[in-house]
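Source file: entry-v3.txt; contents: compact mmCIF, C-alpha atoms and all ligand atoms.
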```
# COMPACT_ATOMS: atom_id res chain seq x y z
CA MET A 1 95.02 190.63 -7.40
CA GLU A 2 98.29 192.33 -6.64
CA ARG A 3 97.91 195.61 -4.81
CA ASN A 4 100.35 198.29 -5.79
CA ALA A 5 101.82 200.77 -3.40
CA VAL A 6 100.59 204.32 -3.49
CA PHE A 7 103.60 206.48 -3.92
CA PRO A 8 103.87 209.16 -1.34
CA ASP A 9 101.85 211.86 -3.04
CA HIS A 10 100.07 214.29 -0.79
CA GLU A 11 96.64 213.82 -2.34
CA HIS A 12 96.38 210.25 -1.03
CA LEU A 13 98.63 210.30 1.97
CA ASP A 14 97.24 213.46 3.59
CA LYS A 15 93.76 211.94 3.96
CA ILE A 16 94.06 211.23 7.67
CA THR A 17 91.33 212.14 10.16
CA TYR A 18 90.50 211.34 13.76
CA SER A 19 87.19 211.28 15.58
CA TYR A 20 85.67 210.23 18.89
CA ASP A 21 82.77 207.85 19.22
CA PRO A 22 80.11 208.34 21.94
CA SER A 23 82.01 206.07 24.36
CA GLY A 24 85.05 208.35 24.11
CA ASP A 25 87.25 206.07 22.01
CA LEU A 26 89.38 207.74 19.40
CA THR A 27 89.50 206.36 15.85
CA VAL A 28 91.95 207.33 13.16
CA SER A 29 90.80 206.97 9.56
CA SER A 30 93.13 207.03 6.64
CA TYR A 31 92.95 206.44 2.91
CA THR A 32 96.20 204.52 2.96
CA THR A 33 98.10 202.46 5.50
CA PRO A 34 101.68 201.36 5.91
CA ALA A 35 102.07 197.58 5.59
CA PHE A 36 104.12 195.07 7.55
CA CYS A 37 105.38 191.71 6.33
CA ILE A 38 104.42 189.03 8.83
CA TYR A 39 107.02 186.67 7.37
CA CYS A 40 110.24 188.68 7.52
CA LYS A 41 108.95 191.12 10.17
CA SER A 42 109.76 194.33 8.36
CA GLN A 43 107.83 197.24 6.89
CA ILE A 44 106.91 196.77 3.23
CA ASP A 45 107.93 199.77 1.13
CA GLY A 46 105.15 202.19 0.19
CA PHE A 47 101.65 202.95 1.42
CA PHE A 48 98.54 201.05 0.40
CA PRO A 49 94.83 201.81 -0.03
CA PHE A 50 92.82 199.28 1.97
CA ARG A 51 89.21 200.45 2.41
CA ASP A 52 87.50 198.79 -0.51
CA ASN A 53 85.78 195.47 -0.98
CA ASP A 54 88.62 193.71 -2.70
CA HIS A 55 89.52 191.54 0.29
CA LYS A 56 91.71 189.25 -1.77
CA ALA A 57 94.09 192.00 -2.73
CA SER A 58 97.59 190.84 -1.95
CA ILE A 59 100.80 192.67 -1.26
CA THR A 60 104.12 191.13 -2.14
CA CYS A 61 106.83 191.98 0.33
CA ASN A 62 109.65 193.77 -1.47
CA HIS A 63 112.18 192.30 0.99
CA CYS A 64 111.38 188.56 1.08
CA GLY A 65 108.86 188.11 -1.76
CA GLU A 66 106.14 186.52 0.43
CA THR A 67 102.47 187.35 -0.09
CA ASN A 68 100.61 189.29 2.62
CA TYR A 69 96.95 190.36 2.79
CA PHE A 70 94.98 193.09 4.50
CA LEU A 71 92.05 191.89 6.59
CA ILE A 72 89.37 194.32 7.71
CA GLY A 73 87.70 193.27 10.95
CA ASP A 74 84.50 194.61 12.46
CA GLN A 75 83.37 197.59 10.38
CA ASP A 76 82.40 199.55 13.48
CA THR A 77 85.84 199.39 14.99
CA ALA A 78 87.65 199.55 11.66
CA GLU A 79 90.14 196.90 12.76
CA LEU A 80 92.87 196.23 10.27
CA TYR A 81 95.24 193.29 10.15
CA MET A 82 98.12 192.02 8.09
CA SER A 83 97.49 188.34 7.43
CA SER A 84 98.92 185.27 5.74
CA HIS A 85 95.47 184.54 4.29
CA HIS A 86 92.70 186.63 2.77
CA ILE A 87 89.89 185.48 5.10
CA PHE A 88 89.56 185.00 8.85
CA HIS A 89 89.91 181.35 9.92
CA ASP A 90 88.97 179.71 13.17
CA LEU A 91 91.47 177.26 14.50
CA GLY A 92 90.43 173.65 14.01
CA PRO A 93 89.81 171.38 17.05
CA ASP A 94 93.41 170.20 16.90
CA GLY A 95 94.65 173.74 16.49
CA SER A 96 96.31 172.80 13.23
CA GLN A 97 95.08 175.64 11.05
CA THR A 98 97.25 178.49 12.09
CA ILE A 99 96.84 181.78 10.30
CA SER A 100 99.35 184.46 11.10
CA ARG A 101 97.74 187.81 11.77
CA MET A 102 99.02 191.12 13.05
CA PRO A 103 96.81 194.07 13.95
CA ILE A 104 97.62 197.46 12.46
CA VAL A 105 96.43 200.16 14.85
CA LEU A 106 96.82 203.42 12.97
CA LYS A 107 96.22 205.66 15.97
CA ASP A 108 99.19 204.05 17.74
CA ILE A 109 101.45 203.89 14.68
CA TYR A 110 100.73 207.57 13.93
CA PHE A 111 101.14 208.69 17.59
CA LEU A 112 97.56 209.96 17.58
CA ASN A 113 96.07 207.91 20.39
CA GLU A 114 94.20 209.18 23.45
CA GLY A 115 97.32 209.20 25.62
CA MET A 116 99.29 211.29 23.14
CA LEU A 117 96.50 213.85 22.71
CA GLU A 118 96.24 214.11 26.50
CA LYS A 119 99.95 214.83 26.59
CA VAL A 120 99.63 217.50 23.90
CA GLN A 121 96.77 219.00 25.87
CA GLU A 122 99.03 219.17 28.95
CA CYS A 123 101.87 220.73 26.92
CA THR A 124 99.77 223.33 25.09
CA GLY A 125 96.55 223.80 27.06
CA ILE A 126 94.53 223.04 23.92
CA ASN A 127 91.50 220.84 24.59
CA PHE A 128 90.94 218.40 21.74
CA PHE A 129 88.39 216.24 23.46
CA PHE A 130 85.30 218.38 22.94
CA GLU A 131 85.49 217.83 19.19
CA THR A 132 83.03 215.15 18.11
CA GLN A 133 83.14 215.40 14.36
CA GLU A 134 85.91 214.06 12.13
CA ILE A 135 88.95 216.30 12.30
CA GLU A 136 91.63 216.33 9.63
CA LEU A 137 95.13 215.74 10.94
CA SER A 138 96.37 218.75 8.96
CA LYS A 139 93.91 220.98 10.84
CA LEU A 140 94.99 219.53 14.19
CA ILE A 141 98.64 220.29 13.34
CA LYS A 142 97.79 223.82 12.19
CA LYS A 143 95.82 224.46 15.36
CA VAL A 144 98.72 223.41 17.59
CA CYS A 145 101.10 225.45 15.40
CA SER A 146 99.00 228.60 15.71
CA GLU A 147 98.73 228.21 19.49
CA THR A 148 102.44 227.62 19.97
CA GLY A 149 103.86 229.99 17.35
CA ILE A 150 105.47 227.19 15.33
CA SER A 151 105.47 227.49 11.53
CA TYR A 152 103.42 224.73 9.84
CA GLU A 153 105.34 225.16 6.58
CA ASP A 154 108.68 224.77 8.31
CA LEU A 155 107.78 221.41 9.91
CA SER A 156 109.84 218.68 8.26
CA GLU A 157 108.21 215.75 6.43
CA LYS A 158 111.25 213.54 6.91
CA ASP A 159 111.01 210.26 8.80
CA LEU A 160 112.07 210.27 12.42
CA GLY A 161 112.03 206.47 12.81
CA LEU A 162 110.27 206.65 16.17
CA HIS A 163 108.01 203.61 15.70
CA PRO A 164 109.95 200.34 16.10
CA LEU A 165 107.93 198.45 13.43
CA PHE A 166 107.10 201.30 11.03
CA PRO A 167 110.17 203.51 10.49
CA THR A 168 108.61 205.10 7.38
CA LEU A 169 105.40 207.09 7.87
CA PRO A 170 103.31 209.41 5.66
CA PRO A 171 104.75 212.95 5.28
CA LEU A 172 101.85 214.54 7.17
CA VAL A 173 102.35 212.16 10.10
CA ASN A 174 106.03 213.10 10.06
CA LYS A 175 105.02 216.77 10.34
CA TRP A 176 102.93 215.78 13.38
CA LEU A 177 105.91 213.94 14.91
CA HIS A 178 108.29 216.85 14.29
CA LEU A 179 105.72 219.11 15.96
CA LEU A 180 105.46 216.75 18.96
CA THR A 181 109.25 216.86 19.22
CA LYS A 182 109.30 220.67 19.13
CA ILE A 183 106.71 220.98 21.89
CA GLU A 184 108.56 218.24 23.81
CA CYS A 185 105.71 215.76 23.95
CA ILE A 186 107.88 212.90 22.67
ZN ZN A 201 108.84 190.02 3.92
```

Could you write out this file's structure as structure tokens?
Amino acid sequence: MERNAVFPDHEHLDKITYSYDPSGDLTVSSYTTPAFCIYCKSQIDGFFPFRDNDHKASITCNHCGETNYFLIGDQDTAELYMSSHHIFHDLGPDGSQTISRMPIVLKDIYFLNEGMLEKVQECTGINFFFETQEIELSKLIKKVCSETGISYEDLSEKDLGLHPLFPTLPPLVNKWLHLLTKIECI
């Protein structure tokens, strides 16, 4: 079944949270994800819901017309892949069955990984790492804004094109990136 892009409306695209698990790893959860065509190696236009049980949902690349799929890995780690097929395959003994797969790591694509939050902590003195519950990205941005005297409303939602594979990101992530630029963390 063809999966349609979610147009960039705030209701869907602003649902981005991060949380730490007991081992200290940071996970970013999101209602939608950007998608990447593993055939023509470019970002597919739009953002897509991916956390349901319809594993055969396909996405047609608007650039080359090839069919891509989302694959969800281990539920605990919430791994997400773009794939040429809708199920995981093991390679045969002769290695003939090759399935192209590319991981999508939202915390890296959205500049919300452990290293970046450490940097923000160094820049602002705000300690994010004591929070154990799920935190909304919008609240994180507002917290940094209030501590640094930057206006949340004035932060641009325009793309900065900082990620080499995903030049177009959700508006809220763009606010985060503009904030990181203002506090000179990127
Ligand atoms: Zn393509």

Nearest residue to A:Leu112 from the set A:Trp176, A:Phe88, A:Tyr39, A:Tyr31 (distances using all atoms listed in the file):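 Using all atoms listed in the file, the shortest distance to A:Leu112 belongs to A:Trp176.
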
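What separates atom CA of A:Ser58 from atom CA of A:Pro167 is a distance of 21.8 Å.
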
I'd like the interatomic distance between atom CA of A:Lys15 and atom CA of A:Glu147, to a tenth of an Å. 23.0 Å

Taking all atoms listed in the file into account, which residues are within 9 Å of ligand ZN 201 (chain A), as a list of chain:residue names? A:Phe36, A:Cys37, A:Ile38, A:Tyr39, A:Cys40, A:Lys41, A:Ser42, A:Gln43, A:Ile44, A:Thr60, A:Cys61, A:Asn62, A:His63, A:Cys64, A:Gly65, A:Glu66, A:Thr67, A:Asn68

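The environment of A:Glu153 within 12 Å, counting only C-alpha atoms and disregarding residues fewer than 4 places along the same chain, consists of Ser138, Ile141, Lys142, Cys145, Ser146, Gly149, Glu157, Leu172, Lys175, Trp176, His178 and Leu179 of chain A.
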
Residue neighbourhood A:Cys123, 12 Å, all atoms listed in the file, exclusion window fewer than 3 positions, as number ranges by chain: A: 116-120, 126-127, 144, 147-148, 179-186

Could you please determine the separation between atom CA of A:Gly161 and atom CA of A:Ala35 in Å, to one decimal place?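 Computing it gives 15.2 Å between the two atoms.
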
Hey, which of A:Tyr20, A:Phe129, A:Phe166, A:Phe111 ends up closest to A:Phe47? Count all atoms listed in the file.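 Comparing A:Tyr20, A:Phe129, A:Phe166, A:Phe111 against A:Phe47, the winner is A:Phe166.
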
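When only C-alpha atoms are used to measure the gap to A:Leu137, the shortest distance among A:Gly125, A:Gly46, A:Pro170, A:Pro34 belongs to A:Pro170.
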
Calculated over all atoms listed in the file, which of the candidates A:Leu13, A:Ile72, A:Val28, A:Ile150 has the smallest distance to A:Glu114? A:Val28

Go ahead and fit an axis-aligned box to every listed atom of stretch 159-167 of chain A plus 4 Å each side, and pass me the centre and edge lengths in Å, one decimal, as lines of an AutoDock Vina configuration file.
```
center_x = 109.6
center_y = 204.4
center_z = 12.5
size_x = 13.0
size_y = 19.8
size_z = 15.4
```

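Among the candidates A:Thr124, A:Met102, A:Tyr18, A:His12, the residue lying nearest to A:Phe50 is A:His12 (atoms considered: all atoms listed in the file).
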
Taking into account all atoms listed in the file, which residue in the set A:Ile135, A:Leu71, A:Leu26, A:Leu160 is nearest to A:Leu177? A:Leu160

With only C-alpha atoms as the counted atoms, please give the residues lying no more than 9 Å from A:Tyr81, apart from itself and same-chain residues fewer than 4 positions off, as a ChimeraX atom specification. /A:69-73,101-105
